[in-house]
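First comes the structure, then the notes that go with it.
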Amino acid sequence: MRFTSKNLFPLALALLGGAALPGCSDSASAPVDPAAPTRPAEPLPPLPSLPDGLTVRLTPRPERSALDVEVHLVGPEAARAKELGIARTWAGIDGMAALRGIRVRDGEGVIPTQPGPDEGPDRILVLGRAPTSHLAITYGVVSAPKDAARFALHLDRERLSGVGHTFLLLPRTNEPLDVHVQIRPGALAPGASGASSFGAGDDVEENATPAELANAVYVAGRLRTLDASEKERLVLLGRPAFEPEATLATIAHAHAALARLFGGAPRSGAATSASFSYLLVAEPGLGKGHDGALLGRSFGLWIGEDRPFDAAVTIAAVHELSHRWIGGAVRLVAEGHEQVWFSEGFAVHYARKIALAEKRIGARDFAADLERTLVNAEAELPAHARSRKDYQRGALYAAALDAAVRKASGGERSLDDLVRALLDRAAAEKKTDLPVSALGELVARELGAARGEELDWVMVRGHGEITLDEGAFGSCFHRARTKSKVYELGFDEASLRRTPAMIRGLVAGSAAARAGLEDGALVLSSKVPAGRDEDADEPVEIVVADRGRGRKIRYLPVAERQVVRWAEKTRCRD
């Protein structure tokens, strides 16, 4: 999701901190006397002595619900810096909005800045002059509200967590640098330490680009670190309801299975590092919610403190891990735009496939995920989801293509072979983005020219429907006809918003009709539950005009329908 405003950035920058801009005074209210003595500028404190490279210091200030950030670029790269940047919007979060008191300086003094072009993925500050050999950027970040997206910076007395895209203002360069990530958790509760996508510890040294620093998770608090191997580790913040050792085994096992399926570690894209961290944040008050993302050298997952690491969370974790390859090592593009149906839809397909194959979920869980992601238009998607339609159409297409290739080859080949071929091509060409035709050529080779040509028409241009055969997911799953409760208001809800409000589109035989509602009834007042739950126990209450008086009608907005659902066959039940 992207939300931009053409005129907000200059105003926001003025509010965020005059220290980043040339000083000014209100000459209308306070004229300057040329003969009056001038106050000398307050001297700036000396810059710290730091090694060449990029140092990021994060100091939590829980007493004021803020994070102090220092970014120091030292050495020859500092003199070449021209711009600073932060994501314009990432997962729906405008990072610049949380920044306060931005100051940019070097050894000679404050460096003025001005907003860059109001376009592109980043908000830009252009430096007013070339820095010397030490560029320093300092500012504060306000903790996000508790109900804000989990990727934003959240800070309290016990903990800190956030994704760099949402709070790091960094020099813009594509060159890898010697990086020091320093987290100073001293003001947090006793026993706190820091960790990030670059490793556990309050001071971690790495070689990375500023873009990799932005695309990383940062946490601090009472942490628990478990090693799956020399290169893989789990970093846990909080007190979860699940068992950390078993959770690490589940994640690492699925991750290894993905690597085997796709031919080893990614050979292109941002997540090629052999070292990998699983950063899990158990959040109090998050309830049944969870959200995750692949972030460079790590996978970050936020989960309710009271929630078990159940099948739905397992599938979500595998989904994000699959992005090391799908969407990470290879992406499909058309007319310069990433095809989200591939990056996200194929990840949906592989997440449940791997979780089931590795016995991390059961057949019933697999069927429930089919229903949720392929059929249910109201399915909950993560906060950073970019397009419900793309998720569902991509997952449908992946399943249909997998079934078609298996059938045409007599089970000798599958979608796996096509994805591996795309990964091989991306690695050979040393790039991540491939044209959609790269997949179209592979489809044509397996299924004929017509099927290859339809890829652009159906997936890129959005024409036609994607259908699945009964056996698309193997012999354990089928479409079962069952009677099920569904949400049904019983009339056109928009009729309540018209003036005057009158019942329109009454469904014959519905609970609304049985309760006494009639088409054309004048509505004096109404109360409709906000939820759309087939297990709703909150009734609809409507007062209609009846012979000069008001008559209240109450009913539960549910109906029993015969539906066709993906289900596991009895002999395959776990």
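Please note that chains go A, B, ... in the order of the structure tokens, that every chain numbers its residues from 1, and that ligands are numbered from 1 in the order shown.
The neighbours of Arg123 in chain A here are the residues that come within 7 Å of it, using only C-alpha atoms and leaving out any residue fewer than 4 positions away in the same chain; they are Gly85, Ile86, Ala87 and Arg88 of chain A.
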Output file for the residues above (N, CA, C and O atoms, as a short mmCIF file (atom, residue, chain, number, x, y, z; two decimals), in the first residue's frame):
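Everything below was put into again.cif:
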data_model
loop_
_atom_site.label_atom_id
_atom_site.label_comp_id
_atom_site.auth_asym_id
_atom_site.auth_seq_id
_atom_site.Cartn_x
_atom_site.Cartn_y
_atom_site.Cartn_z
N GLY A 85 18.27 9.58 3.02
CA GLY A 85 16.97 9.07 2.62
C GLY A 85 16.35 8.15 3.65
O GLY A 85 17.05 7.52 4.45
N ILE A 86 15.02 8.10 3.64
CA ILE A 86 14.25 7.17 4.45
C ILE A 86 13.02 6.78 3.63
O ILE A 86 12.55 7.57 2.79
N ALA A 87 12.52 5.57 3.81
CA ALA A 87 11.40 5.09 3.00
C ALA A 87 10.22 6.07 3.07
O ALA A 87 9.82 6.50 4.15
N ARG A 88 9.69 6.40 1.90
CA ARG A 88 8.52 7.28 1.85
C ARG A 88 7.33 6.62 2.55
O ARG A 88 6.60 7.24 3.30
#
From a backbone DSSP assignment, name each residue in range 52-144 of chain A labelled alpha helix (DSSP H), as a ChimeraX atom specification. /A:76-80
